[in-house]
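Printed here is structure19.cif (mmCIF, C-alpha atoms and all ligand atoms):
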```
data_entry
#
loop_
_atom_site.label_atom_id
_atom_site.label_comp_id
_atom_site.auth_asym_id
_atom_site.auth_seq_id
_atom_site.Cartn_x
_atom_site.Cartn_y
_atom_site.Cartn_z
CA MET A 1 54.28 -31.99 -37.94
CA SER A 2 57.09 -31.71 -35.50
CA ASP A 3 57.34 -33.14 -32.02
CA GLN A 4 57.94 -29.66 -30.64
CA PRO A 5 55.39 -28.84 -27.82
CA LEU A 6 52.49 -26.64 -28.95
CA PHE A 7 52.24 -24.46 -25.82
CA SER A 8 55.79 -23.25 -25.54
CA VAL A 9 57.42 -19.85 -25.77
CA ARG A 10 59.79 -21.39 -28.30
CA ASN A 11 56.86 -21.99 -30.69
CA PRO A 12 56.59 -18.76 -32.70
CA TRP A 13 52.91 -19.41 -33.53
CA PHE A 14 52.09 -19.63 -29.89
CA GLY A 15 54.11 -16.58 -28.92
CA ILE A 16 52.66 -14.40 -31.67
CA SER A 17 49.02 -15.36 -31.12
CA VAL A 18 49.17 -14.87 -27.35
CA GLY A 19 51.04 -11.59 -27.84
CA VAL A 20 48.55 -10.24 -30.39
CA THR A 21 45.55 -11.25 -28.26
CA ALA A 22 47.03 -9.58 -25.20
CA ALA A 23 47.82 -6.44 -27.21
CA ILE A 24 44.22 -6.20 -28.48
CA ALA A 25 42.91 -6.67 -24.94
CA VAL A 26 45.16 -3.94 -23.55
CA LEU A 27 44.36 -1.52 -26.39
CA SER A 28 40.62 -2.13 -26.02
CA ALA A 29 40.84 -1.62 -22.27
CA VAL A 30 42.70 1.65 -22.70
CA ALA A 31 40.18 2.79 -25.33
CA GLY A 32 37.10 1.71 -23.40
CA LEU A 33 38.10 2.57 -19.86
CA ILE A 34 40.18 5.70 -20.39
CA TRP A 35 40.06 7.26 -23.84
CA LEU A 36 36.31 7.00 -24.59
CA PRO A 37 35.13 8.23 -21.17
CA LEU A 38 37.54 11.17 -21.36
CA ALA A 39 36.26 11.96 -24.88
CA GLN A 40 32.78 12.64 -23.46
CA PRO A 41 32.71 16.25 -22.30
CA ASP A 42 29.34 15.81 -20.48
CA LEU A 43 30.85 13.38 -18.03
CA LYS A 44 33.17 15.96 -16.39
CA LEU A 45 35.64 13.35 -15.15
CA ALA A 46 38.18 14.16 -12.47
CA GLY A 47 41.01 12.12 -14.01
CA VAL A 48 42.11 8.74 -15.28
CA TRP A 49 41.06 6.83 -12.17
CA ASP A 50 37.61 8.48 -12.21
CA ALA A 51 37.31 7.57 -15.90
CA ILE A 52 38.13 3.93 -15.19
CA CYS A 53 35.66 3.76 -12.28
CA SER A 54 32.82 5.38 -14.20
CA ALA A 55 33.37 3.17 -17.26
CA ALA A 56 33.51 0.08 -15.06
CA GLY A 57 30.14 1.10 -13.59
CA VAL A 58 31.14 1.78 -10.01
CA PRO A 59 27.93 3.27 -8.55
CA ARG A 60 27.94 6.56 -6.72
CA ALA A 61 25.23 8.72 -5.19
CA ALA A 62 23.87 11.41 -7.51
CA VAL A 63 25.55 14.78 -6.99
CA GLN A 64 23.27 16.98 -4.93
CA GLU A 65 23.02 20.30 -6.67
CA ALA A 66 20.93 23.06 -5.15
CA SER A 67 17.35 22.11 -5.87
CA ILE A 68 14.34 24.41 -5.86
CA LYS A 69 12.50 24.03 -2.58
CA PRO A 70 8.71 23.86 -2.66
CA ASP A 71 6.73 26.90 -1.56
CA PHE A 72 4.20 24.55 0.04
CA LYS A 73 4.49 21.57 2.36
CA THR A 74 4.81 18.16 0.75
CA SER A 75 4.32 14.83 2.45
CA ASN A 76 7.33 13.53 4.37
CA VAL A 77 6.01 10.01 4.84
CA VAL A 78 8.12 7.19 3.43
CA MET A 79 5.55 4.75 2.08
CA THR A 80 6.30 1.05 1.66
CA SER A 81 3.96 -1.85 1.07
CA GLU A 82 5.02 -3.48 4.37
CA MET A 83 4.20 -0.37 6.36
CA LEU A 84 2.01 -1.01 9.45
CA THR A 85 0.71 -4.32 8.16
CA LYS A 86 1.37 -6.15 11.42
CA ALA A 87 -1.10 -4.95 14.06
CA ASP A 88 -0.53 -5.69 17.72
CA GLN A 89 -3.21 -5.80 20.39
CA VAL A 90 -1.59 -3.20 22.64
CA SER A 91 -1.46 -0.71 19.82
CA ILE A 92 -5.09 -1.36 18.87
CA GLY A 93 -6.12 -0.93 22.51
CA ARG A 94 -4.33 2.39 22.88
CA GLY A 95 -5.81 3.46 19.56
CA ALA A 96 -9.34 2.70 20.77
CA THR A 97 -8.87 5.09 23.67
CA LEU A 98 -7.40 7.82 21.51
CA ALA A 99 -10.15 7.41 18.92
CA GLN A 100 -12.83 8.51 21.35
CA ARG A 101 -11.90 12.09 20.52
CA CYS A 102 -12.54 11.41 16.87
CA ALA A 103 -15.98 9.85 17.28
CA ILE A 104 -17.98 13.09 17.07
CA CYS A 105 -17.06 13.41 13.43
CA HIS A 106 -15.83 10.01 12.26
CA GLY A 107 -18.47 8.05 14.18
CA PRO A 108 -18.10 5.76 17.22
CA GLN A 109 -17.53 2.76 14.91
CA GLY A 110 -15.34 4.71 12.50
CA VAL A 111 -18.32 5.23 10.22
CA SER A 112 -19.55 8.76 9.76
CA ASP A 113 -23.04 9.81 8.86
CA ALA A 114 -21.97 13.35 8.08
CA HIS A 115 -19.56 13.79 5.20
CA SER A 116 -16.41 13.17 7.22
CA PRO A 117 -14.59 10.19 5.75
CA ASN A 118 -15.17 6.72 7.21
CA LEU A 119 -12.10 5.31 8.87
CA ALA A 120 -13.30 1.81 9.83
CA GLY A 121 -11.37 -0.84 7.92
CA GLN A 122 -9.10 1.72 6.27
CA PHE A 123 -5.54 0.49 5.66
CA ALA A 124 -3.41 1.46 8.67
CA ALA A 125 -0.71 2.94 6.43
CA VAL A 126 -3.27 5.29 4.86
CA THR A 127 -4.72 6.57 8.14
CA TYR A 128 -1.20 7.04 9.49
CA LYS A 129 -0.06 8.91 6.38
CA GLU A 130 -3.06 11.21 6.26
CA LEU A 131 -2.74 12.07 9.97
CA ASN A 132 0.94 12.75 9.50
CA ASP A 133 0.20 14.99 6.51
CA PHE A 134 -2.46 16.91 8.46
CA LYS A 135 0.06 17.37 11.23
CA THR A 136 2.87 18.66 9.00
CA GLY A 137 0.50 20.80 6.97
CA ALA A 138 0.96 18.86 3.73
CA ARG A 139 -2.81 18.27 3.75
CA VAL A 140 -4.96 21.07 5.08
CA SER A 141 -8.47 21.01 6.51
CA VAL A 142 -9.69 23.64 8.93
CA VAL A 143 -11.89 21.05 10.58
CA MET A 144 -9.47 18.14 10.77
CA SER A 145 -5.96 19.64 11.02
CA PRO A 146 -6.23 20.76 14.68
CA PHE A 147 -6.97 17.19 15.78
CA ALA A 148 -3.80 15.82 14.21
CA ALA A 149 -1.59 18.68 15.38
CA ALA A 150 -1.11 17.36 18.90
CA MET A 151 -0.71 13.67 18.05
CA SER A 152 2.62 11.92 18.52
CA ASP A 153 3.98 9.51 15.95
CA GLN A 154 3.00 6.58 18.18
CA ASP A 155 -0.53 8.00 18.69
CA MET A 156 -0.99 8.11 14.94
CA LYS A 157 0.20 4.52 14.56
CA ASP A 158 -2.10 3.33 17.33
CA VAL A 159 -5.18 5.10 15.98
CA ALA A 160 -4.35 3.77 12.53
CA ALA A 161 -4.07 0.21 13.86
CA TYR A 162 -7.39 0.61 15.70
CA TYR A 163 -9.32 1.84 12.67
CA ALA A 164 -7.76 -0.85 10.46
CA PHE A 165 -8.98 -3.41 13.00
CA LEU A 166 -12.61 -2.16 12.93
CA PRO A 167 -14.82 -3.87 10.32
CA ARG A 168 -15.91 -1.89 7.27
CA VAL A 169 -19.57 -0.93 7.32
CA PRO A 170 -21.35 -0.42 3.99
CA SER A 171 -23.09 2.90 3.45
CA ASN A 172 -26.88 3.31 3.18
CA SER A 173 -26.48 3.54 -0.59
CA LEU A 174 -24.94 0.04 -0.80
CA ASP A 175 -25.71 -1.40 -4.22
CA THR A 176 -23.32 -4.14 -5.27
CA GLY A 177 -25.22 -4.60 -8.53
CA ARG A 178 -24.29 -1.12 -9.72
CA PRO A 179 -22.16 -1.42 -12.87
CA ALA A 180 -18.61 -0.11 -12.48
CA PRO A 181 -17.77 2.96 -14.61
CA ALA A 182 -15.19 2.30 -17.32
CA VAL A 183 -12.65 4.53 -15.62
CA VAL A 184 -12.67 2.27 -12.54
CA VAL A 185 -12.03 -1.00 -14.34
CA THR A 186 -10.14 -0.04 -17.49
CA GLY A 187 -9.16 3.57 -16.89
CA ALA A 188 -8.90 5.91 -19.85
CA PRO A 189 -5.53 5.00 -21.37
CA MET A 190 -5.84 7.70 -24.05
CA ARG A 191 -5.92 10.34 -21.30
CA ASN A 192 -3.21 8.91 -19.05
CA ILE A 193 -5.77 7.54 -16.57
CA PRO A 194 -5.00 4.05 -15.24
CA PRO A 195 -7.93 2.07 -13.77
CA CYS A 196 -8.78 3.38 -10.27
CA GLY A 197 -8.96 -0.27 -9.21
CA SER A 198 -5.28 -0.82 -10.04
CA CYS A 199 -4.35 1.22 -6.96
CA HIS A 200 -7.48 1.53 -4.82
CA GLY A 201 -8.20 -2.20 -4.59
CA ASP A 202 -10.39 -4.73 -6.40
CA ILE A 203 -7.74 -5.15 -9.09
CA ASP A 204 -4.60 -4.32 -7.15
CA ASN A 205 -3.55 -2.12 -4.26
CA LYS A 206 -0.73 0.36 -4.43
CA ALA A 207 0.73 1.20 -1.02
CA GLY A 208 -0.85 4.33 0.39
CA SER A 209 -3.99 4.28 -1.77
CA PRO A 210 -7.08 4.61 0.46
CA TRP A 211 -9.95 2.12 0.39
CA LEU A 212 -12.82 4.07 -1.18
CA GLY A 213 -15.76 1.67 -0.82
CA GLY A 214 -18.61 3.07 1.28
CA GLN A 215 -17.08 6.55 1.43
CA SER A 216 -19.57 9.40 0.95
CA ALA A 217 -19.93 10.54 -2.65
CA VAL A 218 -19.70 14.16 -1.53
CA TYR A 219 -16.34 13.47 0.12
CA ILE A 220 -14.92 11.50 -2.84
CA LYS A 221 -15.96 14.18 -5.29
CA ALA A 222 -14.52 16.95 -3.15
CA GLN A 223 -11.17 15.14 -2.84
CA ILE A 224 -10.82 14.43 -6.57
CA GLU A 225 -11.65 18.05 -7.34
CA ALA A 226 -9.13 19.19 -4.74
CA PHE A 227 -6.42 17.03 -6.36
CA ALA A 228 -7.34 18.35 -9.81
CA SER A 229 -7.20 22.00 -8.77
CA GLY A 230 -4.08 21.53 -6.67
CA ALA A 231 -5.88 22.46 -3.44
CA ARG A 232 -4.80 19.05 -2.10
CA ARG A 233 -1.22 18.09 -2.91
CA ASN A 234 -0.08 15.69 -0.23
CA ASP A 235 0.00 12.76 -2.68
CA ILE A 236 3.63 11.73 -3.10
CA SER A 237 5.12 13.01 -6.38
CA GLU A 238 1.67 13.91 -7.77
CA GLN A 239 0.58 10.30 -8.22
CA MET A 240 -3.11 11.14 -7.66
CA ARG A 241 -3.08 14.72 -9.02
CA ASN A 242 -1.78 13.45 -12.37
CA ILE A 243 -4.93 11.32 -12.63
CA ALA A 244 -7.48 13.76 -11.18
CA ARG A 245 -6.42 16.52 -13.61
CA GLN A 246 -7.37 14.35 -16.58
CA MET A 247 -10.84 13.36 -15.34
CA THR A 248 -14.01 14.91 -16.70
CA ALA A 249 -16.69 16.29 -14.34
CA GLU A 250 -18.96 13.48 -15.44
CA GLU A 251 -16.40 10.79 -14.62
CA ILE A 252 -15.80 12.30 -11.19
CA ASP A 253 -19.52 12.18 -10.51
CA GLN A 254 -19.77 8.58 -11.72
CA VAL A 255 -16.88 7.24 -9.63
CA ALA A 256 -18.08 9.10 -6.52
CA HIS A 257 -21.47 7.42 -6.66
CA TYR A 258 -20.01 4.10 -7.66
CA TYR A 259 -17.56 3.92 -4.75
CA GLU A 260 -20.24 5.11 -2.31
CA ALA A 261 -22.34 2.10 -3.31
CA GLN A 262 -19.49 -0.37 -2.77
CA PRO A 263 -18.91 -2.29 0.48
CA MET B 1 64.38 -28.61 -33.15
CA ALA B 2 62.85 -31.13 -35.46
CA THR B 3 64.59 -31.56 -38.73
CA GLU B 4 63.26 -29.63 -41.71
CA THR B 5 64.03 -32.41 -44.14
CA ASP B 6 60.91 -34.50 -43.58
CA HIS B 7 58.63 -31.49 -44.28
CA GLY B 8 57.31 -31.30 -47.76
CA PRO B 9 56.02 -28.17 -49.59
CA GLY B 10 52.61 -28.94 -47.99
CA GLU B 11 53.71 -27.50 -44.69
CA ALA B 12 54.90 -24.22 -46.20
CA VAL B 13 51.49 -23.81 -47.83
CA ALA B 14 49.67 -24.64 -44.61
CA ALA B 15 51.79 -22.15 -42.66
CA ARG B 16 51.11 -19.40 -45.21
CA ILE B 17 47.37 -20.00 -45.16
CA GLU B 18 47.32 -20.09 -41.40
CA ARG B 19 49.18 -16.78 -41.20
CA ARG B 20 46.69 -15.16 -43.59
CA TRP B 21 43.65 -16.39 -41.67
CA ALA B 22 45.20 -15.27 -38.38
CA THR B 23 45.88 -11.83 -39.85
CA LEU B 24 42.34 -11.61 -41.18
CA SER B 25 40.81 -12.46 -37.81
CA ILE B 26 43.01 -9.90 -36.07
CA VAL B 27 41.88 -7.31 -38.60
CA ILE B 28 38.21 -8.23 -37.97
CA VAL B 29 38.67 -7.89 -34.21
CA GLY B 30 40.44 -4.57 -34.75
CA VAL B 31 37.61 -3.28 -36.98
CA LEU B 32 34.98 -4.31 -34.42
CA VAL B 33 36.81 -2.55 -31.58
CA GLY B 34 37.27 0.52 -33.78
CA MET B 35 33.59 0.47 -34.75
CA ALA B 36 32.51 0.33 -31.12
CA ALA B 37 34.84 3.22 -30.33
CA TYR B 38 33.58 5.31 -33.28
CA ILE B 39 29.93 4.76 -32.37
CA GLY B 40 30.74 5.50 -28.74
CA ILE B 41 32.02 8.93 -29.70
CA HIS B 42 29.89 9.99 -32.65
CA GLN B 43 26.45 8.39 -32.44
CA ALA B 44 23.68 9.89 -30.37
CA THR B 45 22.63 7.07 -28.08
CA MET B 46 25.34 5.42 -26.10
CA PRO B 47 25.46 3.62 -22.82
CA GLN B 48 25.47 5.93 -19.86
CA GLY B 49 28.93 6.98 -18.74
CA ARG B 50 28.23 6.93 -15.04
CA VAL B 51 26.22 4.83 -12.63
CA GLU B 52 24.46 7.12 -10.15
CA THR B 53 22.18 5.97 -7.36
CA ALA B 54 19.08 7.50 -5.76
CA ASP B 55 16.86 5.87 -3.11
CA PRO B 56 13.42 5.29 -4.72
CA LYS B 57 11.56 5.47 -1.39
CA THR B 58 12.82 8.91 -0.41
CA LEU B 59 12.86 10.74 -3.75
CA HIS B 60 10.15 13.11 -2.49
CA LEU B 61 12.00 14.07 0.68
CA SER B 62 15.22 15.64 -0.55
CA GLY B 63 17.58 15.81 -3.48
CA GLU B 64 17.01 16.68 -7.11
CA PHE B 65 13.82 14.63 -7.58
CA ILE B 66 11.62 16.48 -5.09
CA GLU B 67 8.36 17.67 -6.63
CA SER B 68 9.31 21.34 -6.87
CA ASN B 69 12.59 20.58 -8.64
CA LEU B 70 11.10 18.45 -11.43
CA GLY B 71 10.75 19.91 -14.90
CA SER B 72 13.06 21.73 -17.29
CA GLU B 73 15.86 23.93 -16.02
CA MET B 74 17.81 26.40 -18.17
CA GLN B 75 21.52 26.08 -17.35
CA ALA B 76 24.00 28.95 -17.39
CA ASP B 77 25.69 27.51 -20.50
CA GLY B 78 22.40 27.55 -22.47
CA SER B 79 21.78 23.84 -22.21
CA VAL B 80 18.67 22.45 -20.55
CA THR B 81 18.37 19.82 -17.82
CA VAL B 82 15.06 17.99 -17.50
CA ARG B 83 14.33 16.08 -14.30
CA ALA B 84 11.46 13.62 -14.14
CA ILE B 85 10.31 10.54 -12.30
CA GLY B 86 8.34 7.52 -13.38
CA GLN B 87 6.00 5.88 -10.87
CA GLN B 88 3.04 3.53 -11.04
CA TYR B 89 1.23 4.85 -13.21
CA SER B 90 2.35 8.25 -14.39
CA PHE B 91 5.32 10.42 -15.17
CA THR B 92 5.87 13.58 -13.16
CA PRO B 93 5.88 16.11 -14.73
CA GLN B 94 3.07 14.75 -16.84
CA CYS B 95 3.99 17.13 -19.67
CA ILE B 96 7.62 18.04 -20.36
CA VAL B 97 8.52 21.16 -22.33
CA VAL B 98 11.93 21.54 -24.03
CA PRO B 99 13.46 23.82 -26.67
CA ALA B 100 14.43 22.64 -30.17
CA GLU B 101 18.06 22.77 -31.36
CA THR B 102 19.47 22.80 -27.84
CA PRO B 103 21.57 20.29 -25.94
CA ILE B 104 19.28 18.67 -23.38
CA THR B 105 20.07 16.30 -20.54
CA PHE B 106 17.30 14.09 -19.25
CA ARG B 107 17.76 12.98 -15.66
CA ALA B 108 15.10 10.59 -14.52
CA THR B 109 14.53 7.74 -12.12
CA SER B 110 11.79 5.45 -10.86
CA ALA B 111 10.00 5.65 -7.52
CA ASP B 112 8.92 2.02 -7.51
CA VAL B 113 9.45 -0.58 -10.26
CA VAL B 114 11.19 -0.58 -13.65
CA HIS B 115 9.51 1.79 -16.12
CA GLY B 116 10.28 2.54 -19.75
CA PHE B 117 11.26 5.95 -21.06
CA LEU B 118 10.58 6.26 -24.76
CA ILE B 119 9.87 9.38 -26.79
CA GLU B 120 7.96 8.54 -29.94
CA GLY B 121 9.45 9.88 -33.20
CA THR B 122 13.00 10.01 -31.78
CA ASN B 123 15.67 7.44 -30.93
CA ILE B 124 15.22 8.13 -27.21
CA ASN B 125 14.46 4.81 -25.56
CA THR B 126 15.79 3.73 -22.22
CA MET B 127 14.68 2.41 -18.84
CA LEU B 128 14.05 3.97 -15.47
CA VAL B 129 15.35 1.54 -12.89
CA PRO B 130 14.54 2.06 -9.21
CA GLY B 131 17.69 2.95 -7.33
CA TYR B 132 19.51 4.36 -10.34
CA VAL B 133 19.49 7.68 -12.19
CA THR B 134 19.06 7.57 -15.97
CA ASP B 135 21.11 10.37 -17.51
CA LEU B 136 20.62 10.88 -21.24
CA PRO B 137 21.98 13.65 -23.48
CA VAL B 138 19.60 14.41 -26.37
CA ARG B 139 18.75 17.05 -28.94
CA PHE B 140 15.45 17.73 -30.72
CA LYS B 141 15.72 19.08 -34.26
CA THR B 142 12.28 20.60 -34.74
CA PRO B 143 9.40 21.88 -32.61
CA GLY B 144 6.47 19.49 -32.25
CA ASP B 145 4.56 17.28 -29.86
CA HIS B 146 5.59 13.75 -28.91
CA VAL B 147 4.04 11.13 -26.68
CA MET B 148 6.16 9.35 -24.09
CA PRO B 149 4.63 5.97 -23.26
CA CYS B 150 6.01 3.69 -20.58
CA GLN B 151 7.20 0.71 -22.64
CA GLU B 152 8.14 -1.61 -19.80
CA PHE B 153 5.27 -3.53 -18.16
CA CYS B 154 5.07 -1.99 -14.70
CA GLY B 155 1.85 -3.36 -13.22
CA ILE B 156 -1.84 -3.64 -13.84
CA GLY B 157 -2.30 0.06 -14.73
CA HIS B 158 0.65 0.11 -17.13
CA GLN B 159 -1.42 0.81 -20.25
CA GLY B 160 -2.51 4.14 -18.79
CA MET B 161 1.02 5.35 -18.14
CA TRP B 162 2.39 7.92 -20.57
CA GLY B 163 3.51 11.51 -20.66
CA LYS B 164 3.79 14.28 -23.23
CA VAL B 165 6.85 16.02 -24.58
CA LYS B 166 6.36 19.44 -26.16
CA VAL B 167 9.31 20.69 -28.18
CA VAL B 168 9.01 24.46 -28.62
CA ASP B 169 10.96 27.12 -30.43
CA LYS B 170 14.23 28.07 -28.76
CA SER B 171 13.34 31.74 -28.25
CA LYS B 172 9.91 30.88 -26.92
CA PHE B 173 11.51 28.57 -24.37
CA ARG B 174 13.95 31.30 -23.34
CA ASP B 175 11.02 33.64 -22.62
CA MET B 176 9.30 30.97 -20.57
CA ALA B 177 12.51 30.26 -18.62
CA ALA B 178 12.88 33.93 -17.75
CA ALA B 179 9.62 33.80 -15.81
CA LYS B 180 10.04 30.47 -14.02
CA ARG B 181 12.99 28.34 -12.96
CA ARG B 182 11.44 24.90 -13.47
CA LEU B 183 9.22 24.59 -16.51
CA THR B 184 6.53 22.06 -17.34
CA CYS B 185 3.50 22.13 -19.63
CA VAL B 186 1.11 20.63 -17.08
CA ASP B 187 -2.05 22.73 -17.09
CU CU C 1 5.44 2.29 -16.12
#
```

Write the structure described by the file as C-alpha cells, please.
Ligand SMILES: [Cu+2]
Amino acid sequence: MSDQPLFSVRNPWFGISVGVTAAIAVLSAVAGLIWLPLAQPDLKLAGVWDAICSAAGVPRAAVQEASIKPDFKTSNVVMTSEMLTKADQVSIGRGATLAQRCAICHGPQGVSDAHSPNLAGQFAAVTYKELNDFKTGARVSVVMSPFAAAMSDQDMKDVAAYYAFLPRVPSNSLDTGRPAPAVVVTGAPMRNIPPCGSCHGDIDNKAGSPWLGGQSAVYIKAQIEAFASGARRNDISEQMRNIARQMTAEEIDQVAHYYEAQP
Amino acid sequence: MATETDHGPGEAVAARIERRWATLSIVIVGVLVGMAAYIGIHQATMPQGRVETADPKTLHLSGEFIESNLGSEMQADGSVTVRAIGQQYSFTPQCIVVPAETPITFRATSADVVHGFLIEGTNINTMLVPGYVTDLPVRFKTPGDHVMPCQEFCGIGHQGMWGKVKVVDKSKFRDMAAAKRRLTCVD
C-alpha cells in the first residue's frame, strides 16, 4: 500500500465512507424525526418542531379534555404507602381526647360490641381516609357521617393516630384454627378475584386496605354487599367494588365469619 | 502521492472488491432504514408517537382518568376513545365494550406499579407504566369476547388481575352510545 495517511480528506476512500455514513444518518433522522411523525394523522402535530420533540420522546402532560364529572362524590384522599406511618405522642394524646366522643359506638378501647366497626389497631391511613370520606360525603352512613362532618383535617389525623396506637383486641369468636377460605389465600383468579390477603394483610398490605381481623361478621358482610351493589363507592377507582361484584353470596358469608375469628 | 508503478494488478482487484462490499453494506443499511419506515407507517402496532404524563397518585381527583370518565366514548368523527386504568389488582372498567370495524384509541395508565395490557386473540400488547399514558390506536375486525389479562407481574395478587373486552356490532354500539356518554359492560 501507499504511505498516504488513512484518515485524510485527500484519501477518497475515507472521504466517501464518511460522507455516505453522514448522509444515511441525516436521511434517517429526517425520516424518523420529521417525516414519519407527520405521516401519522392521529398525532395531530403542530409543526416540524413538535414532530421532532414528540419523536424524541419529550414528555408532556396529557391534554385535559372536558371529562364527564361524577354524579356522586368520590374520595379525594391521595393514598400513599408512607401516609401517617410515623405517629407522634402529641397527636396520639390529642386523638385520645377527641375519641371520647366516639366511645359510645366504637367502644372506649376502640372495640365495639355492637356492630360498629372496631377501630383499635386499625392503620392510621385507613381511619383517616374513611373519616375524610364520611366528611366529604364519598361514604355515607346516617349514623356515622354527622360525627365526621365537624372534624378538621388535623382532628382526623390525631384520632387516626390514637386508634392505630391502641392494641387490637380479638373478638369473642376468636378461632385461629379456623381454616381460611380459598378466596382469602388464593383468590378466585378465574373470576378476577385476587386473594383478600394480598391487600388486607397476612400476605401483603396495599395502602388504604383496612385490617379486617376481629371485625364483626355482620359489618364485613354489609360492607362487601354495599361495594357489590354500588351503595358504597368511596374506594379509589373501584379497587374494592371490582372484587366485591364478582363474589358469590356464599363466599361473602365465609370471609365474614373467617375474618371475625381472626385476631 | 505515492507512485503507481509499484502497485501490481492485485491492488486494482482489492479496490474493486472493497468498493462492492462497501456498496452492499450501504444498500443493506438503506433497506433496513426503509423497512423500519415502511413498518412505521403501514403496520398496526408501532411505538407510541408521543410521551404523555399523568400523576398516578391523583388519577382519581381530576383529569381524564377520574372514575366517571372511564369507559368508551363515541367521538364526533365516529371513532371511539376508550379510557381505562390498571391498578393492583384489577382494571377499571372491569369490562370494556367497543364496536367492530371502527377506529379505536385506547388511553390507559397505571395507578401504582407497571401492569400489562394484552388483549387475547389480537396483536394488542403493551404496558401501563405509572406516570405515563399509553395511547394505542387499534381496530377489531369482528364482534366477539376477549380476555385482557395483566401480563406483567405486579404483586402478590397478580394472577387475579384481568379484564374483559366485548367487541359488539357497530350499529348496536351506536344505539348504546346514544343513551350514555361513557360505556362499559360492567354489570
Ligand atoms: Cu397487574

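The binding environment of ligand CU 1 (chain C), defined as every protein, DNA or RNA residue with an atom no more than 8 Å away and counting only C-alpha atoms and all ligand atoms, comprises Gly86, Gln87, Gln88, Tyr89, Ser90, Val113, Val114, His115, Gly116, Cys150, Gln151, Glu152, Phe153, Cys154, Gly155, His158, Met161 and Trp162 of chain B.
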
With only C-alpha atoms considered, list every residue of chain A at most 8 Å from chain B, as an MDAnalysis selection string. chainID A and resid 1:4 20 24 28 31:32 36:37 39:40 43 54:55 57:62 64:70 75:76 78:80 187:195 198 203:204 236:239 242

Of the residues A:Ala217, A:Ala249, A:Leu33, A:Ala231, which is the one nearest to His115 of chain A, using only C-alpha atoms? A:Ala217

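Atom CA of Val169 of chain A is positioned 7.0 Å from atom CA of Pro263 of chain A.
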
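Relative to atom CA of Ser152 of chain A, atom CA of Val140 of chain A is found at 17.9 Å.
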
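Between atom CA of Gln262 of chain A and atom CA of Glu250 of chain A there is a distance of 18.8 Å.
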
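Excluding Gly93 of chain A itself and same-chain residues fewer than 4 positions from it, the residues having an atom within 9 Å of it are Asp88, Gln89, Thr97, Leu98, Asp158, Val159, Ala161 and Tyr162 of chain A, counting all atoms listed in the file.
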
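Nearest residue to Lys141 of chain B among B:Ala100, B:Ile119, B:Met127, B:Ala179 is B:Ala100, counting only C-alpha atoms.
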
Quick one: what's the axis-aligned box for segment 24-41 of chain B, all listed atoms, 8 Å on every side, centre and edges in Å to one decimal, as AutoDock Vina command-line options?
```
--center_x 36.5 --center_y -1.8 --center_z -35.0 --size_x 29.1 --size_y 37.4 --size_z 28.4
```

Val138 of chain B environment, 12 Å, all atoms listed in the file, sequence neighbours closer than 3 positions dropped, as number ranges by chain: A: 42; B: 43-46, 79-82, 98-107, 119, 122-125, 135, 141

If we draw a sphere of 12 Å around (-20.8, 12.6, -9.3), which residues have at least one atom in it when counting only C-alpha atoms? Please report them as an MDAnalysis selection string. chainID A and resid 181 216:225 247:260

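Each of B:Ile39, B:Cys185, B:Val147, B:Leu128 was compared to Val168 of chain B using only C-alpha atoms, and B:Cys185 turns out to be the nearest.
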
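Neighbours of Lys166 of chain B closer than or equal to 7 Å, with all atoms listed in the file counted and sequence neighbours fewer than 3 positions away skipped, come out as B:Ile96, B:Val97, B:Val98, B:Gly144, B:Asp145, B:His146.
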
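Between Gly121 of chain A and the residues A:Gln215, A:Thr136, A:Asn205, A:Ser81, the shortest atom-to-atom distance, using only C-alpha atoms, involves A:Gln215.
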
Excluding same-chain residues fewer than 2 positions from Ser171 of chain A, what lies within 6 Å of it counting only C-alpha atoms, as a ChimeraX atom specification? /A:173-174,214

Protein and nucleic acid residues near (-1.9, 10.1, 18.8) (cut-off 10 Å, only C-alpha atoms) as a PDB file with C-alpha atoms, in the frame of the given file:
```pdb
ATOM      1  CA  ARG A  94      -4.330   2.390  22.880  1.00  0.00           C
ATOM      2  CA  GLY A  95      -5.810   3.460  19.560  1.00  0.00           C
ATOM      3  CA  THR A  97      -8.870   5.090  23.670  1.00  0.00           C
ATOM      4  CA  LEU A  98      -7.400   7.820  21.510  1.00  0.00           C
ATOM      5  CA  ALA A  99     -10.150   7.410  18.920  1.00  0.00           C
ATOM      6  CA  TYR A 128      -1.200   7.040   9.490  1.00  0.00           C
ATOM      7  CA  LEU A 131      -2.740  12.070   9.970  1.00  0.00           C
ATOM      8  CA  PHE A 147      -6.970  17.190  15.780  1.00  0.00           C
ATOM      9  CA  ALA A 148      -3.800  15.820  14.210  1.00  0.00           C
ATOM     10  CA  ALA A 149      -1.590  18.680  15.380  1.00  0.00           C
ATOM     11  CA  ALA A 150      -1.110  17.360  18.900  1.00  0.00           C
ATOM     12  CA  MET A 151      -0.710  13.670  18.050  1.00  0.00           C
ATOM     13  CA  SER A 152       2.620  11.920  18.520  1.00  0.00           C
ATOM     14  CA  ASP A 153       3.980   9.510  15.950  1.00  0.00           C
ATOM     15  CA  GLN A 154       3.000   6.580  18.180  1.00  0.00           C
ATOM     16  CA  ASP A 155      -0.530   8.000  18.690  1.00  0.00           C
ATOM     17  CA  MET A 156      -0.990   8.110  14.940  1.00  0.00           C
ATOM     18  CA  LYS A 157       0.200   4.520  14.560  1.00  0.00           C
ATOM     19  CA  ASP A 158      -2.100   3.330  17.330  1.00  0.00           C
ATOM     20  CA  VAL A 159      -5.180   5.100  15.980  1.00  0.00           C
ATOM     21  CA  ALA A 160      -4.350   3.770  12.530  1.00  0.00           C
TER      22      ALA A 160
END
```
